[in-house]
$ cat data_22.csv   # CSV, N, CA and C atoms
chain,number,residue,atom,x,y,z
A,951,MET,N,202.5,146.2,101.1
A,951,MET,CA,203.0,147.5,101.5
A,951,MET,C,202.0,148.6,101.0
A,952,ALA,N,201.6,149.5,101.9
A,952,ALA,CA,200.7,150.6,101.6
A,952,ALA,C,201.3,151.6,100.7
A,953,ASP,N,200.6,152.1,99.8
A,953,ASP,CA,201.0,153.2,98.9
A,953,ASP,C,201.1,154.5,99.8
A,954,ALA,N,202.0,155.3,99.5
A,954,ALA,CA,202.2,156.6,100.3
A,954,ALA,C,200.9,157.4,100.2
A,955,LYS,N,200.2,157.4,99.0
A,955,LYS,CA,199.0,158.1,98.8
A,955,LYS,C,197.9,157.6,99.8
A,956,ASP,N,197.9,156.3,100.1
A,956,ASP,CA,196.9,155.7,101.0
A,956,ASP,C,197.2,156.1,102.5
A,957,GLU,N,198.4,156.5,102.8
A,957,GLU,CA,198.8,156.9,104.1
A,957,GLU,C,198.6,158.4,104.4
A,958,ARG,N,198.2,159.1,103.4
A,958,ARG,CA,198.0,160.6,103.6
A,958,ARG,C,196.8,160.8,104.5
A,959,ARG,N,196.9,161.8,105.4
A,959,ARG,CA,195.8,162.2,106.2
A,959,ARG,C,195.4,163.6,105.9
A,960,PRO,N,194.1,163.9,106.2
A,960,PRO,CA,193.7,165.2,105.9
A,960,PRO,C,194.5,166.3,106.7
A,961,ALA,N,194.7,167.5,106.1
A,961,ALA,CA,195.4,168.5,106.7
A,961,ALA,C,194.8,168.9,108.1
A,962,GLY,N,193.5,168.9,108.2
A,962,GLY,CA,192.9,169.2,109.5
A,962,GLY,C,193.3,168.2,110.6
A,963,GLU,N,193.4,167.0,110.2
A,963,GLU,CA,193.8,165.9,111.2
A,963,GLU,C,195.2,166.1,111.6
A,964,LEU,N,196.1,166.5,110.7
A,964,LEU,CA,197.5,166.7,111.0
A,964,LEU,C,197.6,168.0,111.9
A,965,GLU,N,196.9,169.0,111.5
A,965,GLU,CA,196.9,170.3,112.3
A,965,GLU,C,196.4,170.0,113.7
A,966,ALA,N,195.4,169.2,113.9
A,966,ALA,CA,194.8,168.9,115.2
A,966,ALA,C,195.9,168.1,116.0
A,967,ALA,N,196.6,167.2,115.4
A,967,ALA,CA,197.6,166.5,116.1
A,967,ALA,C,198.8,167.4,116.6
A,968,VAL,N,199.2,168.3,115.7
A,968,VAL,CA,200.2,169.2,116.0
A,968,VAL,C,199.8,170.1,117.2
A,969,MET,N,198.5,170.6,117.1
A,969,MET,CA,198.0,171.5,118.2
A,969,MET,C,198.0,170.7,119.5
A,970,ALA,N,197.5,169.5,119.5
A,970,ALA,CA,197.5,168.7,120.7
A,970,ALA,C,198.9,168.6,121.3
A,971,ALA,N,199.9,168.4,120.5
A,971,ALA,CA,201.2,168.3,121.0
A,971,ALA,C,201.7,169.6,121.6
A,972,LEU,N,201.3,170.7,121.0
A,972,LEU,CA,201.7,172.0,121.6
A,972,LEU,C,201.0,172.3,122.9
A,973,TRP,N,199.7,172.0,122.9
A,973,TRP,CA,198.9,172.2,124.1
A,973,TRP,C,199.5,171.4,125.3
A,974,THR,N,199.8,170.1,125.0
A,974,THR,CA,200.3,169.2,126.0
A,974,THR,C,201.7,169.7,126.5
A,975,ALA,N,202.5,170.2,125.6
A,975,ALA,CA,203.9,170.6,126.0
A,975,ALA,C,203.8,171.8,127.0
A,976,GLY,N,202.9,172.8,126.7
A,976,GLY,CA,202.9,173.9,127.6
A,976,GLY,C,204.0,174.9,127.4
A,977,THR,N,204.9,174.7,126.4
A,977,THR,CA,206.0,175.5,126.1
A,977,THR,C,206.2,175.5,124.6
A,978,ALA,N,207.0,176.5,124.1
A,978,ALA,CA,207.3,176.5,122.7
A,978,ALA,C,208.1,175.3,122.3
A,979,LEU,N,207.7,174.7,121.1
A,979,LEU,CA,208.4,173.5,120.6
A,979,LEU,C,208.9,173.8,119.2
A,980,THR,N,210.1,173.3,118.9
A,980,THR,CA,210.6,173.4,117.5
A,980,THR,C,209.9,172.3,116.7
A,981,PRO,N,210.0,172.5,115.3
A,981,PRO,CA,209.4,171.4,114.5
A,981,PRO,C,209.9,170.0,114.8
A,982,GLY,N,211.2,169.9,115.1
A,982,GLY,CA,211.8,168.6,115.4
A,982,GLY,C,211.2,168.1,116.7
A,983,GLU,N,211.0,169.0,117.7
A,983,GLU,CA,210.4,168.5,119.0
A,983,GLU,C,208.9,168.1,118.8
A,984,VAL,N,208.2,168.8,117.9
A,984,VAL,CA,206.8,168.4,117.6
A,984,VAL,C,206.8,167.1,116.9
A,985,GLN,N,207.7,166.9,116.0
A,985,GLN,CA,207.8,165.6,115.3
A,985,GLN,C,208.1,164.5,116.3
A,986,ALA,N,208.9,164.7,117.2
A,986,ALA,CA,209.2,163.6,118.2
A,986,ALA,C,208.0,163.4,119.1
A,987,GLU,N,207.3,164.4,119.5
A,987,GLU,CA,206.1,164.3,120.3
A,987,GLU,C,205.0,163.5,119.5
A,988,LEU,N,204.9,163.7,118.2
A,988,LEU,CA,203.9,163.0,117.5
A,988,LEU,C,204.2,161.5,117.3
A,989,ALA,N,205.5,161.2,117.1
A,989,ALA,CA,205.9,159.8,116.9
A,989,ALA,C,205.1,159.1,115.9
A,990,SER,N,204.8,159.9,114.8
A,990,SER,CA,203.9,159.3,113.8
A,990,SER,C,204.6,159.0,112.4
A,991,GLY,N,205.9,159.3,112.4
A,991,GLY,CA,206.6,159.0,111.1
A,991,GLY,C,206.5,160.2,110.2
A,992,LEU,N,206.0,161.3,110.6
A,992,LEU,CA,205.9,162.5,109.7
A,992,LEU,C,207.3,163.0,109.5
A,993,ALA,N,207.6,163.5,108.3
A,993,ALA,CA,208.9,164.2,108.1
A,993,ALA,C,208.9,165.5,108.8
A,994,ARG,N,210.1,165.9,109.2
A,994,ARG,CA,210.2,167.2,109.9
A,994,ARG,C,209.8,168.3,109.0
A,995,THR,N,210.0,168.2,107.7
A,995,THR,CA,209.6,169.2,106.8
A,995,THR,C,208.1,169.3,106.7
A,996,THR,N,207.4,168.2,106.8
A,996,THR,CA,205.9,168.2,106.9
A,996,THR,C,205.4,168.9,108.1
A,997,VAL,N,206.1,168.6,109.3
A,997,VAL,CA,205.7,169.3,110.5
A,997,VAL,C,205.9,170.8,110.4
A,998,THR,N,207.1,171.2,109.8
A,998,THR,CA,207.4,172.6,109.6
A,998,THR,C,206.3,173.3,108.8
A,999,THR,N,205.9,172.6,107.7
A,999,THR,CA,204.9,173.2,106.8
A,999,THR,C,203.6,173.4,107.6
A,1000,ILE,N,203.2,172.4,108.4
A,1000,ILE,CA,201.9,172.5,109.2
A,1000,ILE,C,202.1,173.6,110.2
A,1001,LEU,N,203.2,173.8,110.9
A,1001,LEU,CA,203.4,174.8,111.8
A,1001,LEU,C,203.4,176.2,111.1
A,1002,SER,N,203.9,176.3,110.0
A,1002,SER,CA,203.9,177.6,109.2
A,1002,SER,C,202.5,177.9,108.8
A,1003,ARG,N,201.7,177.0,108.4
A,1003,ARG,CA,200.3,177.2,108.0
A,1003,ARG,C,199.5,177.7,109.3
A,1004,LEU,N,199.8,177.0,110.4
A,1004,LEU,CA,199.1,177.4,111.6
A,1004,LEU,C,199.5,178.8,112.0
A,1005,TYR,N,200.7,179.2,111.8
A,1005,TYR,CA,201.2,180.5,112.1
A,1005,TYR,C,200.5,181.5,111.2
A,1006,ASP,N,200.5,181.2,109.9
A,1006,ASP,CA,199.8,182.1,109.0
A,1006,ASP,C,198.3,182.3,109.3
A,1007,LYS,N,197.7,181.3,109.9
A,1007,LYS,CA,196.3,181.4,110.3
A,1007,LYS,C,196.1,182.1,111.6
A,1008,GLY,N,197.2,182.4,112.3
A,1008,GLY,CA,197.1,183.1,113.6
A,1008,GLY,C,196.8,182.2,114.8
A,1009,VAL,N,196.9,180.9,114.6
A,1009,VAL,CA,196.6,179.9,115.6
A,1009,VAL,C,197.8,179.6,116.6
A,1010,VAL,N,199.0,179.8,116.0
A,1010,VAL,CA,200.2,179.7,116.8
A,1010,VAL,C,201.0,180.9,116.6
A,1011,ASP,N,201.9,181.1,117.5
A,1011,ASP,CA,202.9,182.2,117.3
A,1011,ASP,C,204.3,181.5,117.4
A,1012,ARG,N,205.3,182.2,117.1
A,1012,ARG,CA,206.7,181.6,117.2
A,1012,ARG,C,207.7,182.7,117.7
A,1013,ARG,N,208.8,182.1,118.2
A,1013,ARG,CA,209.9,183.0,118.7
A,1013,ARG,C,211.2,182.2,118.3
A,1014,PRO,N,212.2,183.0,118.1
A,1014,PRO,CA,213.5,182.4,117.8
A,1014,PRO,C,213.9,181.4,118.8
A,1015,GLN,N,214.3,180.2,118.4
A,1015,GLN,CA,214.8,179.2,119.3
A,1015,GLN,C,215.8,178.3,118.6
A,1016,GLY,N,217.0,178.4,119.0
A,1016,GLY,CA,218.1,177.7,118.3
A,1016,GLY,C,218.3,178.3,116.9
A,1017,ARG,N,218.4,177.5,115.9
A,1017,ARG,CA,218.6,178.0,114.5
A,1017,ARG,C,217.2,178.3,113.9
A,1018,GLY,N,216.1,177.9,114.5
A,1018,GLY,CA,214.8,178.2,113.9
A,1018,GLY,C,213.9,178.8,114.8
A,1019,TYR,N,212.7,178.3,114.9
A,1019,TYR,CA,211.6,178.9,115.7
A,1019,TYR,C,211.1,177.8,116.6
A,1020,GLY,N,210.6,178.3,117.8
A,1020,GLY,CA,209.8,177.5,118.7
A,1020,GLY,C,208.4,178.0,118.5
A,1021,TYR,N,207.4,177.1,118.4
A,1021,TYR,CA,206.0,177.5,118.2
A,1021,TYR,C,205.2,177.2,119.4
A,1022,TYR,N,204.2,178.0,119.7
A,1022,TYR,CA,203.4,177.8,120.8
A,1022,TYR,C,202.0,178.3,120.5
A,1023,PRO,N,200.9,177.7,121.0
A,1023,PRO,CA,199.6,178.0,120.7
A,1023,PRO,C,199.2,179.4,121.3
A,1024,VAL,N,198.4,180.1,120.5
A,1024,VAL,CA,197.8,181.4,121.0
A,1024,VAL,C,196.3,181.2,121.3
A,1025,GLN,N,195.8,180.1,121.0
A,1025,GLN,CA,194.4,179.8,121.2
A,1025,GLN,C,194.3,178.4,121.9
A,1026,ASP,N,193.3,178.3,122.8
A,1026,ASP,CA,193.1,177.0,123.4
A,1026,ASP,C,192.2,176.2,122.5
A,1027,ALA,N,191.9,175.0,122.9
A,1027,ALA,CA,191.1,174.1,122.1
A,1027,ALA,C,189.7,174.6,121.8
A,1028,GLN,N,189.1,175.2,122.8
A,1028,GLN,CA,187.8,175.8,122.7
A,1028,GLN,C,187.7,177.0,121.7
A,1029,ASP,N,188.8,177.8,121.8
A,1029,ASP,CA,188.9,178.9,120.8
A,1029,ASP,C,189.0,178.4,119.4
A,1030,LEU,N,189.8,177.4,119.2
A,1030,LEU,CA,190.0,176.8,117.9
A,1030,LEU,C,188.7,176.2,117.3
A,1031,THR,N,188.0,175.5,118.2
A,1031,THR,CA,186.7,174.9,117.8
A,1031,THR,C,185.8,176.0,117.3
A,1032,ALA,N,185.7,177.0,118.1
A,1032,ALA,CA,184.8,178.2,117.8
A,1032,ALA,C,185.2,178.8,116.5
A,1033,ARG,N,186.5,178.9,116.3
A,1033,ARG,CA,187.0,179.5,115.0
A,1033,ARG,C,186.6,178.6,113.8
A,1034,ARG,N,186.7,177.3,114.0
A,1034,ARG,CA,186.3,176.4,112.9
A,1034,ARG,C,184.8,176.5,112.6
A,1035,MET,N,184.0,176.6,113.7
A,1035,MET,CA,182.6,176.8,113.5
A,1035,MET,C,182.2,178.0,112.7
A,1036,HIS,N,182.9,179.1,113.0
A,1036,HIS,CA,182.7,180.4,112.2
A,1036,HIS,C,183.2,180.2,110.8
A,1037,THR,N,184.3,179.5,110.6
A,1037,THR,CA,184.8,179.3,109.2
A,1037,THR,C,183.7,178.5,108.4
A,1038,GLU,N,183.2,177.5,109.0
A,1038,GLU,CA,182.2,176.7,108.3
A,1038,GLU,C,180.9,177.5,108.0
A,1039,LEU,N,180.5,178.3,109.0
A,1039,LEU,CA,179.3,179.2,108.8
A,1039,LEU,C,179.6,180.2,107.7
A,1040,ASP,N,180.8,180.7,107.6
A,1040,ASP,CA,181.1,181.7,106.6
A,1040,ASP,C,181.2,181.1,105.2
A,1041,ARG,N,181.3,179.8,105.0
A,1041,ARG,CA,181.4,179.2,103.7
A,1041,ARG,C,180.0,179.1,103.0
A,1042,ASP,N,178.9,179.3,103.7
A,1042,ASP,CA,177.6,179.2,103.1
A,1042,ASP,C,177.0,180.6,103.1
A,1043,ARG,N,176.4,181.0,102.0
A,1043,ARG,CA,175.7,182.3,101.8
A,1043,ARG,C,174.4,182.4,102.6
A,1044,ASP,N,173.8,181.3,102.9
A,1044,ASP,CA,172.5,181.3,103.6
A,1044,ASP,C,172.7,181.0,105.1
A,1045,ARG,N,173.3,181.9,105.8
A,1045,ARG,CA,173.6,181.8,107.2
A,1045,ARG,C,172.4,181.4,108.0
A,1046,GLU,N,171.2,182.0,107.7
A,1046,GLU,CA,170.0,181.8,108.5
A,1046,GLU,C,169.6,180.3,108.4
A,1047,THR,N,169.7,179.7,107.2
A,1047,THR,CA,169.3,178.3,107.1
A,1047,THR,C,170.3,177.4,107.8
A,1048,VAL,N,171.6,177.7,107.7
A,1048,VAL,CA,172.6,177.0,108.3
A,1048,VAL,C,172.5,177.0,109.9
A,1049,LEU,N,172.3,178.2,110.4
A,1049,LEU,CA,172.1,178.3,111.8
A,1049,LEU,C,170.8,177.7,112.3
A,1050,ALA,N,169.7,177.8,111.5
A,1050,ALA,CA,168.5,177.1,111.9
A,1050,ALA,C,168.6,175.6,111.9
A,1051,ARG,N,169.3,175.1,111.0
A,1051,ARG,CA,169.5,173.6,111.0
A,1051,ARG,C,170.5,173.2,112.1
A,1052,PHE,N,171.5,174.0,112.4
A,1052,PHE,CA,172.4,173.7,113.5
A,1052,PHE,C,171.6,173.6,114.8
A,1053,VAL,N,170.8,174.6,115.0
A,1053,VAL,CA,170.0,174.7,116.3
A,1053,VAL,C,169.0,173.5,116.3
A,1054,ALA,N,168.4,173.2,115.2
A,1054,ALA,CA,167.4,172.1,115.2
A,1054,ALA,C,168.0,170.8,115.5
A,1055,GLN,N,169.3,170.6,115.3
A,1055,GLN,CA,170.0,169.4,115.5
A,1055,GLN,C,170.7,169.3,116.9
A,1056,LEU,N,170.6,170.4,117.7
A,1056,LEU,CA,171.1,170.3,119.0
A,1056,LEU,C,170.3,169.4,119.9
A,1057,ASN,N,171.0,168.8,120.9
A,1057,ASN,CA,170.3,168.0,121.9
A,1057,ASN,C,169.7,169.0,122.8
A,1058,PRO,N,168.6,168.6,123.6
A,1058,PRO,CA,168.0,169.5,124.5
A,1058,PRO,C,168.9,170.2,125.5
A,1059,ASP,N,169.9,169.5,126.0
A,1059,ASP,CA,170.8,170.2,127.0
A,1059,ASP,C,171.6,171.3,126.3
A,1060,ASP,N,172.1,171.0,125.1
A,1060,ASP,CA,172.9,172.0,124.4
A,1060,ASP,C,172.0,173.2,123.9
A,1061,GLU,N,170.8,172.9,123.6
A,1061,GLU,CA,169.8,174.0,123.2
A,1061,GLU,C,169.6,174.9,124.4
A,1062,GLN,N,169.4,174.3,125.5
A,1062,GLN,CA,169.1,175.1,126.7
A,1062,GLN,C,170.4,175.9,127.1
A,1063,LEU,N,171.6,175.3,127.0
A,1063,LEU,CA,172.8,176.1,127.2
A,1063,LEU,C,172.9,177.2,126.3
A,1064,LEU,N,172.7,177.0,125.0
A,1064,LEU,CA,172.7,178.1,124.0
A,1064,LEU,C,171.8,179.2,124.3
A,1065,ARG,N,170.6,178.8,124.7
A,1065,ARG,CA,169.6,179.9,125.1
A,1065,ARG,C,170.1,180.7,126.3
A,1066,GLN,N,170.7,180.0,127.3
A,1066,GLN,CA,171.2,180.7,128.5
A,1066,GLN,C,172.3,181.7,128.1
A,1067,LEU,N,173.2,181.2,127.2
A,1067,LEU,CA,174.3,182.0,126.8
A,1067,LEU,C,173.8,183.3,126.0
A,1068,LEU,N,172.8,183.1,125.1
A,1068,LEU,CA,172.3,184.2,124.4
A,1068,LEU,C,171.5,185.2,125.3
A,1069,GLU,N,170.8,184.7,126.2
A,1069,GLU,CA,170.1,185.6,127.2
A,1069,GLU,C,171.1,186.3,128.0
A,1070,ALA,N,172.2,185.7,128.5
A,1070,ALA,CA,173.2,186.4,129.3
A,1070,ALA,C,173.9,187.5,128.5
A,1071,ASP,N,174.0,187.2,127.2
A,1071,ASP,CA,174.7,188.2,126.3
A,1071,ASP,C,173.8,189.4,126.1
A,1072,ASP,N,172.5,189.3,126.2
A,1072,ASP,CA,171.6,190.4,126.1
A,1072,ASP,C,171.6,191.4,127.3
A,1073,ARG,N,172.1,190.9,128.4
A,1073,ARG,CA,172.1,191.8,129.6
A,1073,ARG,C,173.2,192.8,129.6

$ encode --input "data_22.csv" --output "structure tokens"
Amino acid sequence: MADAKDERRPAGELEAAVMAALWTAGTALTPGEVQAELASGLARTTVTTILSRLYDKGVVDRRPQGRGYGYYPVQDAQDLTARRMHTELDRDRDRETVLARFVAQLNPDDEQLLRQLLEADDR
């Protein structure tokens, strides 16, 4: 039997699973409904904690629903990915080096797309 410690998943993975359930639903879900959508054996209290953290981060919003809240995403997957990229960039003091290495590791198609986006932004 696996130790509970071995079954723990990183918070980012749990948040991603919760967000996927909310995006798929297309409507506000209670923590219990999210728990049922995940079908992962997570406790409802764990799901509630994840939703509360996402709410505090401004990734989801909530409205009264039944005795508690229904949660719904305020960002789509692409917005959330961009936000994570900014968060990672903000963690390092040497932004220039981080950006230079990021660009150096882009495949040619992504590099061309980035150039087009930057040029369009200059107009």

$ select_by_dssp --input "data_22.csv" --residues "chain A" --states "alpha helix (DSSP H)" --output "PyMOL selection string"
chain A and resi 961-975+981-988+994-1006+1027-1040+1045-1054+1058-1072

$ closest_residue --input "data_22.csv" --among "A:Glu1046, A:Arg1017, A:His1036, A:Glu963" --to "A:Pro981" --atoms "only C-alpha atoms"
A:Arg1017

$ residues_around --input "data_22.csv" --residues "stretch 1002-1014 of chain A" --least-positions-apart "6" --cutoff "6.5 Å" --atoms "all atoms listed in the file" --output "PyMOL selection string"
chain A and resi 1020-1025

$ atom_distance --input "data_22.csv" --atom1 "atom CA of A:Leu979" --atom2 "atom N of A:Arg1034"
23.0 Å

$ atom_distance --input "data_22.csv" --atom1 "atom N of A:Leu1064" --atom2 "atom N of A:Arg1043"
23.6 Å

$ residues_around --input "data_22.csv" --residues "stretch 984-991 of chain A" --least-positions-apart "3" --cutoff "8 Å" --atoms "all atoms listed in the file" --output "ChimeraX atom specification"
/A:967-968,971-972,978-981,994,997-998

$ write_last_selection --input "data_22.csv" --atoms "N, CA and C atoms" --output "PDB file, in the frame of the given file"
ATOM      1  N   ALA A 967     196.600 167.200 115.400  1.00  0.00           N
ATOM      2  CA  ALA A 967     197.600 166.500 116.100  1.00  0.00           C
ATOM      3  C   ALA A 967     198.800 167.400 116.600  1.00  0.00           C
ATOM      4  N   VAL A 968     199.200 168.300 115.700  1.00  0.00           N
ATOM      5  CA  VAL A 968     200.200 169.200 116.000  1.00  0.00           C
ATOM      6  C   VAL A 968     199.800 170.100 117.200  1.00  0.00           C
ATOM      7  N   ALA A 971     199.900 168.400 120.500  1.00  0.00           N
ATOM      8  CA  ALA A 971     201.200 168.300 121.000  1.00  0.00           C
ATOM      9  C   ALA A 971     201.700 169.600 121.600  1.00  0.00           C
ATOM     10  N   LEU A 972     201.300 170.700 121.000  1.00  0.00           N
ATOM     11  CA  LEU A 972     201.700 172.000 121.600  1.00  0.00           C
ATOM     12  C   LEU A 972     201.000 172.300 122.900  1.00  0.00           C
ATOM     13  N   ALA A 978     207.000 176.500 124.100  1.00  0.00           N
ATOM     14  CA  ALA A 978     207.300 176.500 122.700  1.00  0.00           C
ATOM     15  C   ALA A 978     208.100 175.300 122.300  1.00  0.00           C
ATOM     16  N   LEU A 979     207.700 174.700 121.100  1.00  0.00           N
ATOM     17  CA  LEU A 979     208.400 173.500 120.600  1.00  0.00           C
ATOM     18  C   LEU A 979     208.900 173.800 119.200  1.00  0.00           C
ATOM     19  N   THR A 980     210.100 173.300 118.900  1.00  0.00           N
ATOM     20  CA  THR A 980     210.600 173.400 117.500  1.00  0.00           C
ATOM     21  C   THR A 980     209.900 172.300 116.700  1.00  0.00           C
ATOM     22  N   PRO A 981     210.000 172.500 115.300  1.00  0.00           N
ATOM     23  CA  PRO A 981     209.400 171.400 114.500  1.00  0.00           C
ATOM     24  C   PRO A 981     209.900 170.000 114.800  1.00  0.00           C
ATOM     25  N   ARG A 994     210.100 165.900 109.200  1.00  0.00           N
ATOM     26  CA  ARG A 994     210.200 167.200 109.900  1.00  0.00           C
ATOM     27  C   ARG A 994     209.800 168.300 109.000  1.00  0.00           C
ATOM     28  N   VAL A 997     206.100 168.600 109.300  1.00  0.00           N
ATOM     29  CA  VAL A 997     205.700 169.300 110.500  1.00  0.00           C
ATOM     30  C   VAL A 997     205.900 170.800 110.400  1.00  0.00           C
ATOM     31  N   THR A 998     207.100 171.200 109.800  1.00  0.00           N
ATOM     32  CA  THR A 998     207.400 172.600 109.600  1.00  0.00           C
ATOM     33  C   THR A 998     206.300 173.300 108.800  1.00  0.00           C
TER      34      THR A 998
END

$ atom_distance --input "data_22.csv" --atom1 "atom C of A:Ile1000" --atom2 "atom CA of A:Glu965"
6.5 Å

$ closest_residue --input "data_22.csv" --among "A:Leu964, A:Leu1039, A:Thr977, A:Glu983" --to "A:Thr999" --atoms "only C-alpha atoms"
A:Leu964

$ decode --input "data_22.csv" --residues "stretch 989-1039 of chain A" --atoms "C-alpha atoms" --output "PDB file, in the first residue's frame"
ATOM      1  CA  ALA A 989     -12.833  11.629  -9.870  1.00  0.00           C
ATOM      2  CA  SER A 990      -9.369  11.486  -8.343  1.00  0.00           C
ATOM      3  CA  GLY A 991     -10.097  10.654  -4.742  1.00  0.00           C
ATOM      4  CA  LEU A 992      -9.240  14.151  -3.533  1.00  0.00           C
ATOM      5  CA  ALA A 993     -11.063  15.234  -0.411  1.00  0.00           C
ATOM      6  CA  ARG A 994     -13.627  17.993  -0.857  1.00  0.00           C
ATOM      7  CA  THR A 995     -11.678  20.083   1.658  1.00  0.00           C
ATOM      8  CA  THR A 996      -8.583  19.791  -0.532  1.00  0.00           C
ATOM      9  CA  VAL A 997     -10.567  20.909  -3.582  1.00  0.00           C
ATOM     10  CA  THR A 998     -11.994  23.811  -1.553  1.00  0.00           C
ATOM     11  CA  THR A 999      -8.472  24.858  -0.524  1.00  0.00           C
ATOM     12  CA  ILE A1000      -7.275  24.752  -4.141  1.00  0.00           C
ATOM     13  CA  LEU A1001     -10.264  26.811  -5.297  1.00  0.00           C
ATOM     14  CA  SER A1002      -9.683  29.340  -2.501  1.00  0.00           C
ATOM     15  CA  ARG A1003      -6.042  29.719  -3.532  1.00  0.00           C
ATOM     16  CA  LEU A1004      -7.027  30.164  -7.170  1.00  0.00           C
ATOM     17  CA  TYR A1005      -9.557  32.777  -6.069  1.00  0.00           C
ATOM     18  CA  ASP A1006      -6.893  34.608  -4.044  1.00  0.00           C
ATOM     19  CA  LYS A1007      -4.627  34.600  -7.130  1.00  0.00           C
ATOM     20  CA  GLY A1008      -7.417  36.100  -9.251  1.00  0.00           C
ATOM     21  CA  VAL A1009      -7.575  33.085 -11.568  1.00  0.00           C
ATOM     22  CA  VAL A1010     -11.160  32.179 -10.656  1.00  0.00           C
ATOM     23  CA  ASP A1011     -14.078  34.142  -9.301  1.00  0.00           C
ATOM     24  CA  ARG A1012     -16.985  32.891  -7.219  1.00  0.00           C
ATOM     25  CA  ARG A1013     -20.619  33.594  -6.578  1.00  0.00           C
ATOM     26  CA  PRO A1014     -23.008  32.326  -3.926  1.00  0.00           C
ATOM     27  CA  GLN A1015     -24.380  28.941  -4.875  1.00  0.00           C
ATOM     28  CA  GLY A1016     -26.340  26.863  -2.402  1.00  0.00           C
ATOM     29  CA  ARG A1017     -24.680  27.015   1.012  1.00  0.00           C
ATOM     30  CA  GLY A1018     -21.286  27.895  -0.416  1.00  0.00           C
ATOM     31  CA  TYR A1019     -19.785  29.211  -3.605  1.00  0.00           C
ATOM     32  CA  GLY A1020     -19.718  28.255  -7.234  1.00  0.00           C
ATOM     33  CA  TYR A1021     -16.335  28.929  -8.838  1.00  0.00           C
ATOM     34  CA  TYR A1022     -15.684  29.830 -12.458  1.00  0.00           C
ATOM     35  CA  PRO A1023     -12.531  30.748 -14.390  1.00  0.00           C
ATOM     36  CA  VAL A1024     -11.809  34.368 -15.251  1.00  0.00           C
ATOM     37  CA  GLN A1025      -8.829  33.431 -17.438  1.00  0.00           C
ATOM     38  CA  ASP A1026      -8.578  30.982 -20.280  1.00  0.00           C
ATOM     39  CA  ALA A1027      -5.747  28.455 -20.556  1.00  0.00           C
ATOM     40  CA  GLN A1028      -3.602  30.789 -22.660  1.00  0.00           C
ATOM     41  CA  ASP A1029      -3.966  33.666 -20.180  1.00  0.00           C
ATOM     42  CA  LEU A1030      -2.976  31.347 -17.351  1.00  0.00           C
ATOM     43  CA  THR A1031       0.086  30.094 -19.230  1.00  0.00           C
ATOM     44  CA  ALA A1032       1.179  33.661 -19.966  1.00  0.00           C
ATOM     45  CA  ARG A1033       0.705  34.545 -16.306  1.00  0.00           C
ATOM     46  CA  ARG A1034       2.892  31.603 -15.260  1.00  0.00           C
ATOM     47  CA  MET A1035       5.566  32.675 -17.728  1.00  0.00           C
ATOM     48  CA  HIS A1036       5.559  36.161 -16.187  1.00  0.00           C
ATOM     49  CA  THR A1037       5.747  34.688 -12.699  1.00  0.00           C
ATOM     50  CA  GLU A1038       8.783  32.630 -13.639  1.00  0.00           C
ATOM     51  CA  LEU A1039      10.438  35.621 -15.284  1.00  0.00           C
TER      52      LEU A1039
END
